[in-house]
Amino acid sequence: MNSTSTIPDLYAGTDFSSLSFLERQWVNWYVWIGNPVIATGLMSFLMHEIVYFGRSIPWIIIDAIPYFRQWKLQATKVPTPAEQWECARSVLFAHFTIQGPLIWLFHPLAESIGMSTYQVPLPSVKTMAPQIAFFFVFEDLFHFCAHRALHTGLLYKHIHKVHHKYSAPFGLAAEYAHPAEVLILGMGTILGPLSYCFITRNFHIFTMYLWIVLRLFQAIDAHSGYDFPWSLQHIVPFWSGAEHHDFHHMAFTNNFSTSFRWCDRLFGTDKAYLKYRAQLKAANGRSKTERLELERQLLEQVEREGVEAEREVIKSTEKKQD
Ligand SMILES: [Zn+2]
Ligand SMILES: [Zn+2]
């Protein structure tokens with residue numbers, strides 16, 4: 001199919017009466033825009049903006065309500081509205097200047113490897129579920145390896161340090177990162193679907209959208225700074241969640257994965273985290289005041305060690321340059 005085909009060509013021979021409500025909206029969008037490249041590019045960009053900021057808004061509201069502090073992982077570090085606004089502006093700027101143009105190029109790339117875009121019917125849940133499960137596992141492994149590399153010497157000093165500006169992250173900070181980091185870690189998100197499509201030649205962009213929506217939810221929630229009793233990690237024990245990633249921002253040397261806990265367990269990069277958890281658990285019999293005081297002391301210690309570890313990484317680059 002040629003990208004410049006007109007819309008009547010795209011849907012020639014389609015039986016519209018057999019389509020679901022969602023599929024009719026899908027067709028309407030492509031017909032309304034009138035050009036598949038622009039329709040896919042615009043839909044991808046808008047979806048990313050709506051989901052990213054839409055999912056961040058509840059966390060901004062939660063940060064503004066003191067009642068929720070009881071579930072804040074670093075209770076004394078609530079982001080100010082000014083900090084959140086500054087972060088939102090940087091992320092938005094990056095979306096328009098870096099992600100935007102890349103998203104625009106996606107349609108021609110998708111078509112060149114045989115990905116369905118404007119086509120209907122859309123894939124069923126049964127088709128999408130195993131594909132998305134594979135993307136989650138692939139991304140987690142990719143992210144773990146790349147993220148560990150980003151914590152070394154010059155890669156940290158010149159790239160990943162930007163994301164570590166916040167030792168107590170918040171939802172909006174999920175994509176607050178150096179452009180090179182967006183490209184490197186973004187590969188983990190899109191390489192799964194691209195390679196799946198390349199090998200099977202049977203893949204719809206709708207599945208990719210659903211995967212990206214779930215991945216955005218995962219990333220924003222992991223940066224939220226809150227661990228509720230109903231958070232997913234309490235239901236799915238190998239799910240990382242905010243409790244796991246918040247510790248990464250604080251301790252610096254632990255918890256490099258995104259969605260799951262198994263890579264850090266397997267490679268032993270969660271030892272300080274497990275020790276911290278065990279120390280908190282051991283204090284379970286004590287009074288609430290004593291437990292809160294212990295938690296405060298442990299968090300302070302973890303953060304001190306984190307600051308020191310970060311300083312060491314930066315120092316190591318200076319030694320090499322001497
Ligand atoms: Zn990091
Ligand atoms: Zn982070």
# chains A, B, ... in the order shown; residues from 1 in each chain; ligands from 1
$ residues_around --residues "A:Pro58" --least-positions-apart "2" --cutoff "12 Å" --atoms "only C-alpha atoms" --output "list of chain:residue names"
A:Val51, A:Tyr52, A:Phe53, A:Gly54, A:Arg55, A:Ser56, A:Ile60, A:Ile61, A:Ile62, A:Asp63, A:Ala64, A:Ile65, A:Phe68, A:Phe170, A:Gly171, A:Leu172, A:Phe217, A:Ile220, A:Asp221, A:Ser224, A:Tyr226
$ residues_around --residues "A:Thr152" --least-positions-apart "2" --cutoff "12 Å" --atoms "only C-alpha atoms" --output "list in words"
Cys145, Ala146, His147, Arg148, Ala149, Leu150, Leu154, Leu155, Tyr156, Lys157, His158, Ile159, His160, Lys161, Phe252, Thr253, Ala309, Glu310, Arg311, Glu312, Val313, Ile314, Lys315, Ser316 and Thr317 of chain A
$ closest_atom_pairs --of "stretch 166-196 of chain A" --to "stretch 88-112 of chain A" --cutoff "10 Å" --atoms "only C-alpha atoms" --output "JSON lines"
{"residue": "A:Leu172", "atom": "CA", "partner": "A:Ala88", "partner_atom": "CA", "distance": 6.3}
{"residue": "A:Ala173", "atom": "CA", "partner": "A:Ala88", "partner_atom": "CA", "distance": 7.9}
{"residue": "A:Ala174", "atom": "CA", "partner": "A:Val91", "partner_atom": "CA", "distance": 9.1}
{"residue": "A:Glu175", "atom": "CA", "partner": "A:Val91", "partner_atom": "CA", "distance": 6.5}
{"residue": "A:Tyr176", "atom": "CA", "partner": "A:Val91", "partner_atom": "CA", "distance": 5.7}
{"residue": "A:Ala177", "atom": "CA", "partner": "A:Val91", "partner_atom": "CA", "distance": 8.1}
{"residue": "A:His178", "atom": "CA", "partner": "A:Ala94", "partner_atom": "CA", "distance": 8.9}
{"residue": "A:Pro179", "atom": "CA", "partner": "A:Ile98", "partner_atom": "CA", "distance": 7.1}
{"residue": "A:Ala180", "atom": "CA", "partner": "A:Ile98", "partner_atom": "CA", "distance": 9.8}
{"residue": "A:Val182", "atom": "CA", "partner": "A:Gln99", "partner_atom": "CA", "distance": 8.3}
{"residue": "A:Leu183", "atom": "CA", "partner": "A:Gln99", "partner_atom": "CA", "distance": 8.7}
{"residue": "A:Gly186", "atom": "CA", "partner": "A:Gln99", "partner_atom": "CA", "distance": 9.7}
{"residue": "A:Pro193", "atom": "CA", "partner": "A:Ala110", "partner_atom": "CA", "distance": 9.9}
{"residue": "A:Leu194", "atom": "CA", "partner": "A:Ala110", "partner_atom": "CA", "distance": 7.8}
$ residues_around --residues "A:Asp246" --least-positions-apart "5" --cutoff "8 Å" --atoms "only C-alpha atoms" --output "VMD selection string"
chain A and resid 73 167 to 169 222 to 223 225
$ write_last_selection --atoms "C-alpha atoms" --output "PDB file, in the first residue's frame"
ATOM      1  CA  LEU A  73       6.872   6.980  50.106  1.00  0.00           C
ATOM      2  CA  SER A 167      15.400  12.000  44.397  1.00  0.00           C
ATOM      3  CA  ALA A 168      11.692  11.868  45.308  1.00  0.00           C
ATOM      4  CA  PRO A 169       9.961  11.554  41.912  1.00  0.00           C
ATOM      5  CA  ALA A 222       6.160   4.081  39.113  1.00  0.00           C
ATOM      6  CA  HIS A 223       7.214   7.739  39.492  1.00  0.00           C
ATOM      7  CA  GLY A 225       5.817   8.543  44.836  1.00  0.00           C
TER       8      GLY A 225
END
$ atom_distance --atom1 "atom CA of A:Lys281" --atom2 "atom CA of A:Gln297"
14.5 Å
$ closest_residue --among "A:Lys126, A:Arg24, A:Arg201, A:His245" --to "ligand 2" --atoms "only C-alpha atoms and all ligand atoms"
A:His245
